[in-house]
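Student: Input file: run-v7.txt. Contents: compact mmCIF, C-alpha atoms.
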```
# COMPACT_ATOMS: atom_id res chain seq x y z
CA MET A 1 -6.20 -53.55 -17.24
CA ARG A 2 -5.52 -57.04 -15.85
CA ILE A 3 -8.20 -58.41 -13.52
CA ALA A 4 -8.10 -61.53 -11.33
CA TYR A 5 -11.46 -62.96 -10.22
CA PHE A 6 -12.03 -65.35 -7.33
CA THR A 7 -15.37 -67.18 -7.45
CA GLU A 8 -16.80 -70.60 -6.63
CA SER A 9 -19.32 -70.48 -9.51
CA LEU A 10 -18.63 -70.83 -13.22
CA PRO A 11 -20.05 -73.21 -15.83
CA PRO A 12 -20.94 -76.02 -15.86
CA LEU A 13 -22.90 -74.67 -12.87
CA THR A 14 -26.09 -72.95 -14.03
CA ASP A 15 -26.88 -70.69 -11.06
CA GLY A 16 -27.15 -66.92 -11.28
CA VAL A 17 -23.55 -66.36 -10.16
CA ALA A 18 -22.17 -68.64 -12.88
CA ARG A 19 -24.35 -66.99 -15.54
CA THR A 20 -23.30 -63.52 -14.37
CA PHE A 21 -19.59 -64.31 -14.58
CA THR A 22 -20.08 -66.02 -17.93
CA ARG A 23 -21.54 -62.83 -19.41
CA LEU A 24 -18.73 -60.82 -17.83
CA ALA A 25 -16.07 -63.16 -19.26
CA GLU A 26 -17.63 -62.90 -22.72
CA TYR A 27 -17.60 -59.11 -22.43
CA LEU A 28 -13.95 -59.01 -21.33
CA ASN A 29 -12.87 -61.51 -23.98
CA LYS A 30 -14.57 -59.56 -26.76
CA ARG A 31 -12.86 -56.36 -25.68
CA LYS A 32 -9.47 -58.06 -25.27
CA ILE A 33 -9.20 -57.16 -21.58
CA ASP A 34 -6.76 -59.46 -19.79
CA PHE A 35 -8.32 -61.55 -17.00
CA LEU A 36 -7.97 -64.75 -15.00
CA PHE A 37 -10.56 -66.68 -12.99
CA PHE A 38 -9.60 -68.76 -9.96
CA CYS A 39 -12.41 -71.27 -9.45
CA PRO A 40 -13.19 -74.89 -8.45
CA MET A 41 -15.32 -75.22 -11.61
CA LEU A 42 -13.78 -75.62 -15.05
CA PRO A 43 -16.00 -74.63 -18.02
CA LYS A 44 -16.38 -76.99 -20.94
CA GLU A 45 -14.12 -76.70 -23.95
CA LYS A 46 -16.77 -74.78 -25.92
CA GLU A 47 -16.20 -71.68 -23.79
CA PRO A 48 -13.63 -69.53 -25.68
CA TRP A 49 -12.24 -68.17 -22.39
CA ARG A 50 -11.75 -71.58 -20.74
CA ASP A 51 -7.97 -71.20 -20.83
CA ARG A 52 -8.33 -68.16 -18.57
CA VAL A 53 -9.63 -70.29 -15.69
CA ILE A 54 -7.19 -71.58 -13.07
CA HIS A 55 -8.75 -74.69 -11.57
CA VAL A 56 -8.60 -74.81 -7.77
CA PRO A 57 -9.08 -78.01 -5.69
CA SER A 58 -12.26 -78.02 -3.65
CA VAL A 59 -14.58 -79.87 -1.29
CA ALA A 60 -18.34 -80.20 -1.51
CA PHE A 61 -20.35 -77.69 0.51
CA PRO A 62 -21.87 -79.82 3.33
CA LEU A 63 -25.39 -78.39 3.20
CA TYR A 64 -25.75 -78.64 -0.59
CA ARG A 65 -23.25 -80.79 -2.47
CA TYR A 66 -24.05 -79.10 -5.80
CA TYR A 67 -21.63 -76.36 -4.69
CA ARG A 68 -17.88 -76.65 -4.17
CA VAL A 69 -15.72 -74.59 -1.79
CA GLY A 70 -12.31 -73.76 -3.20
CA LEU A 71 -9.17 -74.66 -1.22
CA PRO A 72 -6.46 -72.21 -2.32
CA ASN A 73 -2.88 -73.42 -2.10
CA PRO A 74 -0.77 -70.26 -1.67
CA PHE A 75 2.39 -72.04 -2.87
CA ARG A 76 0.69 -72.79 -6.20
CA LEU A 77 -1.54 -69.75 -6.69
CA THR A 78 0.85 -67.00 -5.59
CA PRO A 79 3.38 -67.62 -8.41
CA ILE A 80 0.51 -67.68 -10.93
CA LEU A 81 -0.73 -64.32 -9.65
CA ASP A 82 2.78 -62.89 -9.56
CA LYS A 83 3.29 -63.82 -13.21
CA PHE A 84 -0.12 -62.48 -14.25
CA ASP A 85 0.54 -59.28 -12.28
CA PRO A 86 -3.09 -58.16 -11.82
CA ASN A 87 -3.76 -54.50 -11.24
CA ILE A 88 -7.20 -55.17 -9.74
CA ILE A 89 -8.78 -58.14 -7.95
CA GLN A 90 -12.47 -58.98 -7.55
CA VAL A 91 -13.72 -61.51 -4.99
CA ALA A 92 -17.20 -62.98 -5.01
CA ALA A 93 -17.82 -64.81 -1.74
CA PRO A 94 -16.57 -64.98 1.87
CA THR A 95 -14.79 -68.30 1.36
CA PRO A 96 -11.14 -69.30 1.88
CA MET A 97 -10.53 -68.51 -1.77
CA GLY A 98 -12.13 -65.07 -1.52
CA ILE A 99 -10.07 -64.29 1.59
CA PHE A 100 -6.90 -65.47 -0.19
CA GLY A 101 -7.64 -63.05 -3.03
CA GLN A 102 -8.18 -60.20 -0.58
CA ASN A 103 -4.99 -60.98 1.30
CA TYR A 104 -2.95 -61.06 -1.91
CA ALA A 105 -4.37 -57.67 -2.92
CA LEU A 106 -3.65 -56.14 0.49
CA LYS A 107 -0.09 -57.48 0.56
CA HIS A 108 0.68 -56.18 -2.94
CA LYS A 109 -1.28 -52.92 -2.52
CA ILE A 110 -3.62 -53.81 -5.41
CA PRO A 111 -7.19 -52.41 -5.49
CA CYS A 112 -9.64 -55.11 -4.44
CA VAL A 113 -13.41 -54.98 -5.02
CA SER A 114 -16.09 -57.49 -4.17
CA SER A 115 -19.40 -58.56 -5.66
CA TYR A 116 -22.28 -59.56 -3.41
CA HIS A 117 -24.35 -62.37 -4.93
CA THR A 118 -26.03 -64.41 -2.21
CA HIS A 119 -27.80 -63.78 1.09
CA PHE A 120 -26.02 -66.73 2.71
CA VAL A 121 -27.20 -65.78 6.20
CA ASP A 122 -30.84 -65.81 5.09
CA TYR A 123 -30.40 -69.52 4.43
CA PHE A 124 -29.42 -70.26 8.04
CA PRO A 125 -32.98 -70.71 9.43
CA TYR A 126 -33.75 -73.30 6.74
CA TYR A 127 -30.82 -75.43 7.94
CA LYS A 128 -31.47 -74.98 11.68
CA PHE A 129 -28.68 -72.42 12.14
CA ARG A 130 -30.81 -69.45 13.19
CA TRP A 131 -28.66 -69.17 16.32
CA ALA A 132 -25.69 -68.23 14.10
CA GLU A 133 -27.32 -65.37 12.19
CA ASP A 134 -25.67 -62.52 14.14
CA TRP A 135 -22.26 -64.15 13.76
CA GLY A 136 -22.94 -64.75 10.07
CA TRP A 137 -23.72 -61.11 9.35
CA SER A 138 -20.68 -59.99 11.36
CA PHE A 139 -18.42 -62.24 9.30
CA MET A 140 -20.00 -61.12 6.01
CA ARG A 141 -19.62 -57.47 7.03
CA TRP A 142 -15.94 -58.01 7.93
CA PHE A 143 -15.23 -59.72 4.61
CA TYR A 144 -16.95 -57.24 2.31
CA ASN A 145 -15.80 -54.14 4.18
CA ARG A 146 -12.18 -55.16 3.53
CA THR A 147 -12.70 -54.20 -0.13
CA GLN A 148 -12.76 -50.80 -1.80
CA ALA A 149 -16.23 -51.30 -3.27
CA VAL A 150 -19.05 -53.81 -2.82
CA PHE A 151 -21.06 -54.35 -6.01
CA ALA A 152 -24.59 -55.50 -5.19
CA PRO A 153 -27.17 -56.47 -7.82
CA SER A 154 -30.34 -54.62 -6.78
CA HIS A 155 -31.48 -51.49 -4.97
CA ASP A 156 -33.23 -53.64 -2.36
CA THR A 157 -30.00 -55.53 -1.65
CA VAL A 158 -27.98 -52.30 -1.46
CA SER A 159 -30.52 -50.92 1.02
CA GLU A 160 -30.44 -54.03 3.22
CA LEU A 161 -26.66 -54.24 3.24
CA ARG A 162 -26.35 -50.55 4.10
CA LYS A 163 -28.64 -51.08 7.11
CA ARG A 164 -26.39 -53.94 8.21
CA GLY A 165 -23.27 -51.80 8.17
CA PHE A 166 -21.78 -52.67 4.78
CA GLU A 167 -19.74 -49.82 3.32
CA ARG A 168 -18.85 -48.42 -0.12
CA LEU A 169 -21.82 -50.03 -1.87
CA GLU A 170 -22.28 -49.77 -5.63
CA LEU A 171 -24.95 -51.14 -7.97
CA TRP A 172 -24.09 -53.89 -10.45
CA PRO A 173 -27.42 -55.24 -11.77
CA ARG A 174 -27.83 -58.16 -14.17
CA GLY A 175 -28.65 -58.18 -17.85
CA ILE A 176 -30.47 -60.44 -20.28
CA ASP A 177 -29.70 -61.75 -23.76
CA ARG A 178 -32.98 -61.23 -25.59
CA THR A 179 -31.83 -63.31 -28.55
CA ARG A 180 -31.88 -66.35 -26.25
CA PHE A 181 -34.95 -65.54 -24.16
CA SER A 182 -37.86 -64.54 -26.36
CA PRO A 183 -41.61 -65.25 -26.73
CA ARG A 184 -40.84 -66.16 -30.34
CA LEU A 185 -39.58 -69.51 -29.04
CA ARG A 186 -43.04 -70.60 -27.85
CA SER A 187 -43.52 -74.24 -28.88
CA ASP A 188 -46.93 -75.75 -29.57
CA ALA A 189 -45.22 -79.13 -29.80
CA LEU A 190 -43.86 -78.79 -26.25
CA ARG A 191 -47.24 -77.74 -24.88
CA LYS A 192 -48.87 -80.73 -26.60
CA LYS A 193 -46.21 -83.03 -25.16
CA LEU A 194 -47.05 -81.74 -21.67
CA GLY A 195 -50.72 -82.52 -22.23
CA LEU A 196 -51.86 -78.93 -22.26
CA GLY A 197 -55.19 -78.09 -23.75
CA ARG A 198 -56.66 -74.77 -22.72
CA GLU A 199 -55.02 -75.01 -19.30
CA LYS A 200 -52.34 -72.51 -18.34
CA LEU A 201 -48.75 -73.55 -17.72
CA LEU A 202 -47.14 -72.04 -14.63
CA LEU A 203 -43.34 -72.18 -14.45
CA PHE A 204 -40.77 -72.19 -11.65
CA VAL A 205 -37.05 -72.07 -12.50
CA GLY A 206 -34.34 -72.39 -9.88
CA ARG A 207 -32.64 -74.67 -7.41
CA MET A 208 -35.15 -76.93 -5.71
CA VAL A 209 -34.30 -76.06 -2.13
CA GLN A 210 -36.59 -74.97 0.67
CA GLU A 211 -35.24 -71.40 0.80
CA LYS A 212 -36.65 -70.74 -2.69
CA GLY A 213 -40.15 -70.60 -1.19
CA LEU A 214 -41.23 -74.03 -2.38
CA ASP A 215 -43.39 -74.63 0.69
CA GLU A 216 -45.37 -71.49 -0.09
CA LEU A 217 -45.60 -72.46 -3.76
CA SER A 218 -46.94 -75.95 -3.08
CA HIS A 219 -49.39 -74.54 -0.54
CA ALA A 220 -50.69 -72.04 -3.12
CA VAL A 221 -50.98 -74.66 -5.87
CA LEU A 222 -52.93 -77.09 -3.69
CA ALA A 223 -55.21 -74.30 -2.44
CA LEU A 224 -56.01 -73.15 -5.99
CA ARG A 225 -56.72 -76.67 -7.19
CA LYS A 226 -58.99 -77.21 -4.22
CA GLN A 227 -60.93 -74.16 -5.45
CA GLY A 228 -61.32 -75.82 -8.86
CA TYR A 229 -58.60 -74.10 -10.87
CA ARG A 230 -57.02 -76.30 -13.53
CA PHE A 231 -53.48 -75.62 -14.66
CA HIS A 232 -50.12 -77.36 -15.04
CA LEU A 233 -46.95 -76.47 -13.15
CA ALA A 234 -43.44 -77.05 -14.52
CA PHE A 235 -40.18 -77.05 -12.55
CA ALA A 236 -36.84 -76.42 -14.25
CA GLY A 237 -34.16 -77.12 -11.69
CA ASP A 238 -33.04 -79.77 -9.25
CA GLY A 239 -32.03 -80.11 -5.64
CA PRO A 240 -32.78 -81.91 -2.39
CA TYR A 241 -36.35 -80.55 -2.18
CA ARG A 242 -37.38 -82.02 -5.53
CA LYS A 243 -38.49 -85.29 -3.91
CA VAL A 244 -40.69 -83.37 -1.47
CA MET A 245 -42.35 -81.46 -4.30
CA GLU A 246 -42.85 -84.61 -6.38
CA GLU A 247 -44.67 -86.16 -3.43
CA ARG A 248 -46.84 -83.07 -2.91
CA LEU A 249 -47.50 -82.35 -6.58
CA PRO A 250 -47.10 -85.68 -8.38
CA GLN A 251 -49.09 -84.69 -11.48
CA ASP A 252 -46.82 -81.80 -12.42
CA HIS A 253 -43.72 -81.66 -14.63
CA TYR A 254 -40.12 -81.91 -13.37
CA PHE A 255 -37.45 -81.17 -15.97
CA GLY A 256 -34.39 -81.16 -13.73
CA PHE A 257 -31.47 -78.91 -14.68
CA ILE A 258 -31.95 -77.84 -18.28
CA GLN A 259 -30.31 -75.06 -20.24
CA GLY A 260 -29.91 -73.72 -23.73
CA ARG A 261 -32.70 -74.10 -26.26
CA GLU A 262 -34.67 -76.52 -24.08
CA LEU A 263 -34.88 -74.00 -21.24
CA HIS A 264 -35.60 -71.06 -23.54
CA GLU A 265 -38.50 -72.91 -25.18
CA LEU A 266 -39.94 -73.89 -21.79
CA TYR A 267 -39.95 -70.26 -20.66
CA ALA A 268 -41.61 -69.07 -23.87
CA SER A 269 -44.16 -71.92 -23.85
CA SER A 270 -45.39 -71.06 -20.34
CA ASP A 271 -48.07 -68.55 -19.38
CA LEU A 272 -47.08 -67.32 -15.91
CA PHE A 273 -43.86 -67.34 -13.91
CA VAL A 274 -44.25 -68.17 -10.21
CA PHE A 275 -41.34 -67.38 -7.90
CA PRO A 276 -42.07 -66.99 -4.16
CA SER A 277 -38.42 -66.84 -3.06
CA THR A 278 -37.60 -64.15 -0.48
CA THR A 279 -33.83 -64.75 -0.48
CA GLU A 280 -32.88 -63.42 -3.93
CA THR A 281 -30.38 -60.61 -4.29
CA PHE A 282 -31.54 -59.95 -7.86
CA GLY A 283 -33.60 -62.70 -9.45
CA ASN A 284 -31.98 -63.62 -12.77
CA VAL A 285 -34.78 -66.07 -13.52
CA VAL A 286 -37.37 -63.32 -13.05
CA LEU A 287 -35.65 -61.28 -15.75
CA GLU A 288 -35.41 -64.34 -18.01
CA ALA A 289 -39.14 -64.93 -17.59
CA MET A 290 -39.94 -61.32 -18.45
CA ALA A 291 -37.75 -61.46 -21.56
CA SER A 292 -39.77 -64.53 -22.55
CA GLY A 293 -43.01 -62.56 -22.26
CA LEU A 294 -44.22 -63.90 -18.91
CA PRO A 295 -45.90 -61.89 -16.17
CA VAL A 296 -44.35 -62.75 -12.81
CA VAL A 297 -45.95 -63.53 -9.47
CA GLY A 298 -43.19 -63.03 -6.91
CA ALA A 299 -42.63 -62.20 -3.25
CA ALA A 300 -42.47 -58.62 -2.00
CA GLN A 301 -38.96 -59.08 -0.62
CA GLY A 302 -35.50 -59.28 -2.14
CA GLY A 303 -34.39 -58.74 -5.69
CA SER A 304 -37.84 -59.24 -7.20
CA LEU A 305 -38.77 -55.80 -5.85
CA ASP A 306 -36.43 -54.21 -8.41
CA LEU A 307 -38.10 -56.00 -11.31
CA VAL A 308 -41.77 -56.65 -10.57
CA GLN A 309 -44.07 -53.64 -10.71
CA PRO A 310 -47.39 -54.79 -9.21
CA GLY A 311 -50.22 -54.39 -11.66
CA VAL A 312 -47.82 -53.50 -14.49
CA ASN A 313 -45.67 -56.57 -15.30
CA GLY A 314 -46.76 -58.91 -12.52
CA LEU A 315 -47.95 -59.13 -8.93
CA LEU A 316 -46.24 -59.42 -5.55
CA ALA A 317 -47.41 -61.50 -2.60
CA GLN A 318 -46.64 -61.00 1.04
CA PRO A 319 -43.36 -62.77 1.91
CA LEU A 320 -43.65 -66.34 3.20
CA ASP A 321 -47.45 -66.28 2.81
CA GLY A 322 -48.74 -69.18 0.71
CA ASP A 323 -52.35 -68.01 0.96
CA ASP A 324 -51.53 -64.57 -0.40
CA PHE A 325 -49.39 -66.13 -3.12
CA ALA A 326 -52.41 -68.18 -4.14
CA ARG A 327 -54.54 -65.01 -4.23
CA GLN A 328 -52.10 -63.24 -6.54
CA VAL A 329 -51.92 -66.20 -8.94
CA LYS A 330 -55.72 -66.43 -8.84
CA ASN A 331 -55.98 -62.75 -9.82
CA LEU A 332 -54.11 -63.48 -13.04
CA LEU A 333 -55.82 -66.79 -13.80
CA ASP A 334 -59.13 -64.90 -13.56
CA ASN A 335 -58.02 -62.03 -15.79
CA PRO A 336 -56.51 -63.06 -19.16
CA LYS A 337 -56.65 -59.47 -20.43
CA ALA A 338 -54.41 -58.37 -17.56
CA VAL A 339 -52.02 -61.23 -18.35
CA LYS A 340 -51.74 -60.07 -21.95
CA ARG A 341 -51.12 -56.48 -20.91
CA MET A 342 -48.55 -57.49 -18.27
CA ALA A 343 -46.75 -59.76 -20.75
CA LYS A 344 -46.14 -56.75 -22.98
CA ALA A 345 -44.90 -54.70 -20.02
CA ALA A 346 -42.61 -57.56 -18.94
CA LEU A 347 -40.89 -57.45 -22.34
CA GLU A 348 -40.44 -53.70 -21.99
CA THR A 349 -38.88 -54.18 -18.53
CA ALA A 350 -36.42 -56.78 -19.82
CA ALA A 351 -35.34 -54.48 -22.65
CA ARG A 352 -33.83 -52.08 -20.10
CA PHE A 353 -31.28 -54.63 -18.83
CA HIS A 354 -28.58 -54.78 -21.47
CA TRP A 355 -25.46 -56.81 -20.56
CA PRO A 356 -22.84 -54.77 -22.48
CA VAL A 357 -24.02 -51.53 -20.86
CA ILE A 358 -24.15 -53.08 -17.38
CA ASN A 359 -20.73 -54.70 -17.58
CA GLY A 360 -19.29 -51.58 -19.19
CA ARG A 361 -20.31 -49.60 -16.10
CA LEU A 362 -18.67 -52.20 -13.84
CA LEU A 363 -15.40 -51.91 -15.76
CA SER A 364 -15.60 -48.11 -15.61
CA HIS A 365 -15.84 -48.34 -11.80
CA CYS A 366 -12.81 -50.63 -11.73
CA GLN A 367 -10.89 -48.28 -14.00
CA SER A 368 -11.58 -45.42 -11.59
CA PHE A 369 -9.76 -47.31 -8.81
CA LEU A 370 -6.71 -47.70 -11.04
CA MET A 371 -6.75 -43.99 -11.88
CA ALA A 372 -7.03 -43.11 -8.20
CA LYS A 373 -4.04 -45.36 -7.43
CA THR A 374 -1.85 -43.53 -9.94
```
Write the structure described by the file as C-alpha cells, please.

Tutor:
Amino acid sequence: MRIAYFTESLPPLTDGVARTFTRLAEYLNKRKIDFLFFCPMLPKEKEPWRDRVIHVPSVAFPLYRYYRVGLPNPFRLTPILDKFDPNIIQVAAPTPMGIFGQNYALKHKIPCVSSYHTHFVDYFPYYKFRWAEDWGWSFMRWFYNRTQAVFAPSHDTVSELRKRGFERLELWPRGIDRTRFSPRLRSDALRKKLGLGREKLLLFVGRMVQEKGLDELSHAVLALRKQGYRFHLAFAGDGPYRKVMEERLPQDHYFGFIQGRELHELYASSDLFVFPSTTETFGNVVLEAMASGLPVVGAAQGGSLDLVQPGVNGLLAQPLDGDDFARQVKNLLDNPKAVKRMAKAALETAARFHWPVINGRLLSHCQSFLMAKT
C-alpha cells in the first residue's frame, strides 16, 4: 500500500492535527508502509520520516499567522505523485492543496479519503464572518463529499456532520502515549517554582485564541476568586489572545508553546484541567490531561462529550456559560475526595485510547477501498 497525504499541519506545529499525523507517520514507518506527505511544514531532522515529506510553498493564513496554507504547483507535484504512484490518497482540509489531492485522485481513478479535523465554520463568528456560515458549510460539504470516506474523530462530530449532509462518515478517534503523559511525572520542584503551597493548580493547554472559550474561562476564574477561592492557573500555549488574558489574569502563569518533558511535567504537576472550548472535534489535550491523572472541567459541546463523563472523570458546563463553568470548577475545589476518585477514572479512560489499535483500524479501512477497487 502506498499512501499520499495532503495536510497543512505537521511538526514543528504542535496542534492536534500535527500530533495526529505524527503518530500516524510513526505507525506507518514502523510497519514499513510506503507513504508521502505533501505539506507546507517540514519536520525537524530528528523525525525519522522527515524524508517522506514533500515541502510545499505556502502563505500565512490571514486570521492566524501561526498556520500556513499550501500553494500546490501542479507542474512540480504531479511528476512526484506519478513517480510515487500512490494507490490511495488522504486529504485533511478544504484548502487548495487538499483540492489538488482530490483532483489527482479523481483523474487517476485512485481511492481518495478525507479526515475531518477542525470545525472551521464554527470559528467564523469569532472573526466577524457569521454572515458566511451557510456558504462555509456548503463548501465544506462539497469538499468532503467528494471523497469515498470521511474520517471524523468523535461520535459528536460524526453526528453533527451527518446532520449537515456529510456522507460516508467513519470514526477515527485519537490515541495517547501513556509513557509520555503520566502522573508519575509530577514535579514538586515545578510546583515550588510556581509558588504553590496548598493551593490547587488549574491548567489550560491549547492555542490562545478566543474560540477556545477563553472569555468564559477568565470570567469563571475572576468569579471564583471574588468568592474567596485561592488557586493558580497555568496556560501552555500561545496566540493572539494571550495579551488579553495576561491583562485580565496578570498573576497567573503563561508558559507559551511548550512540548516534550516540560509539557508532560506541567500536566502531571497540575490538579485540574479546565477547557471550556466548544469548537473541538475531539480534544487531544483533554485526553492528555486524563492520561496525566487530571479530572477535566469541559464544555458540554464538541469532542469533550466523547471523553468527559460527568461525575465520573470530570464535569461538563453549559456551552459558552462562564457562570456555569465557575460552578463546575467550584464543585471540584470543594470536594477533594471527588477529585481523587475522578483522577483514577480519568486514567482508566485514557487507557482505552491506544494509538496502534486506532491507526490500525484506519489502515484496515483504507485497505478495504483497495480491495473493492480490484

Student: Which residues come within 10 Å of range 115-127 of chain A, counting only C-alpha atoms, excluding same-chain residues fewer than 3 positions away, as a PyMOL selection string?

Tutor: chain A and resi 7+16-17+20+63+90-94+130-137+139-140+144+147+149-154+157-158+161+169-172+209-212+278-282+302

Student: Give me the residues near Phe75 in chain A as a list in words, where near means some atom within 12 Å (using all atoms listed in the file) and where sequence neighbours in that chain fewer than 6 positions away do not count.

Tutor: Leu81, Asp82 and Phe100 of chain A

Student: For the atom pair CA of Ala18 in chain A and CA of Val308 in chain A, what is the interatomic distance in Å to one decimal place?

Tutor: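 Pair CA of Ala18 in chain A / CA of Val308 in chain A returns 23.1 Å.
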
Student: List every protein, DNA or RNA residue that has an atom no more than 6 Å from (-10.8, -61.1, -4.8) in the file's coordinate frame, counting all atoms listed in the file, and report them as a JSON list (two decimals) with C-alpha atoms, in the frame of the given file.

Tutor:
```json
[["chain", "number", "residue", "atom", "x", "y", "z"],
["A", 5, "TYR", "CA", -11.46, -62.96, -10.22],
["A", 6, "PHE", "CA", -12.03, -65.35, -7.33],
["A", 89, "ILE", "CA", -8.78, -58.14, -7.95],
["A", 90, "GLN", "CA", -12.47, -58.98, -7.55],
["A", 91, "VAL", "CA", -13.72, -61.51, -4.99],
["A", 98, "GLY", "CA", -12.13, -65.07, -1.52],
["A", 101, "GLY", "CA", -7.64, -63.05, -3.03],
["A", 102, "GLN", "CA", -8.18, -60.20, -0.58]]
```

Student: What does the structure give for the distance between CA of Ile358 in chain A and CA of Gly70 in chain A, in Å to one decimal?

Tutor: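 Between these atoms lies a distance of 27.7 Å.
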
Student: Between CA of Ser269 in chain A and CA of Pro43 in chain A, what distance in Å does the model show, to one decimal?

Tutor: 28.9 Å

Student: Determine, counting only C-alpha atoms, which protein, DNA and RNA residues have an atom within 7 Å of an atom of range 44-59 of chain A; residues of the same chain fewer than 6 positions away are not included. Present the result as a list in words.

Tutor: Pro12, Asn29, Phe35, Leu36, Phe37, Phe38, Arg68, Val69, Gly70, Leu71 and Pro72 of chain A

Student: Would you list the contacts of range 332-343 of chain A as a list of chain:residue names, taking every protein, DNA or RNA residue within 6 Å and counting all atoms listed in the file, but skipping same-chain residues closer than 5 positions in sequence?

Tutor: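 After dropping sequence-adjacent residues, the list is A:Gly293, A:Leu294, A:Pro295, A:Val312, A:Asn313.
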
Student: Give me a file of those residues, with C-alpha atoms, as an mmCIF file, in the frame of the given file.

Tutor:
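The resulting file, part10.cif, is reproduced below:
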```cif
data_model
loop_
_atom_site.group_PDB
_atom_site.id
_atom_site.type_symbol
_atom_site.label_atom_id
_atom_site.label_comp_id
_atom_site.auth_asym_id
_atom_site.auth_seq_id
_atom_site.Cartn_x
_atom_site.Cartn_y
_atom_site.Cartn_z
ATOM 1 C CA GLY A 293 -43.010 -62.560 -22.260
ATOM 2 C CA LEU A 294 -44.220 -63.900 -18.910
ATOM 3 C CA PRO A 295 -45.900 -61.890 -16.170
ATOM 4 C CA VAL A 312 -47.820 -53.500 -14.490
ATOM 5 C CA ASN A 313 -45.670 -56.570 -15.300
#
```

Student: Find the residues with any atom within 9 Å of (-38.0, -55.8, -15.8); use all atoms listed in the file and the coordinates as given in the file, and write the answer as a list in words.

Tutor: Val286, Leu287, Met290, Ala291, Asp306, Leu307, Val308, Gln309, Asn313, Ala345, Ala346, Leu347, Glu348, Thr349, Ala350, Ala351, Arg352 and Phe353 of chain A

Student: Any idea what's packed within 8 Å of Asn359 in chain A, counting all atoms listed in the file, ignoring anything in its chain fewer than 2 positions away? Could you give it as an NGL selection string?

Tutor: :A and (24 or 27 or 172 or 355-357 or 361-363)

Student: I'd like a table as JSON lines: residues in range 4-48 of chain A with an atom no more than 12 Å from range 230-240 of chain A, each row giving the shortest atom pair and its distance in Å to one decimal, all atoms listed in the file counted, sorted by chain and rising residue number.

Tutor:
```
{"residue": "A:Leu13", "atom": "CA", "partner": "A:Gly237", "partner_atom": "CA", "distance": 11.6}
{"residue": "A:Thr14", "atom": "CA", "partner": "A:Gly237", "partner_atom": "CA", "distance": 9.4}
{"residue": "A:Asp15", "atom": "CA", "partner": "A:Gly237", "partner_atom": "CA", "distance": 9.7}
```

Student: I need the residue nearest Tyr104 in chain A from this list: A:Phe166, A:Leu217, A:Ala4, A:Asp321. Use all atoms listed in the file for the distance.

Tutor: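 When distances to Tyr104 in chain A are compared using all atoms listed in the file, the smallest one comes from A:Ala4.
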
Student: Between A:Lys330, A:Lys344, A:Arg141, A:Arg164, single out the one closest to Ser182 in chain A, counting all atoms listed in the file.

Tutor: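 Counting all atoms listed in the file, the residue closest to Ser182 in chain A is A:Lys344.
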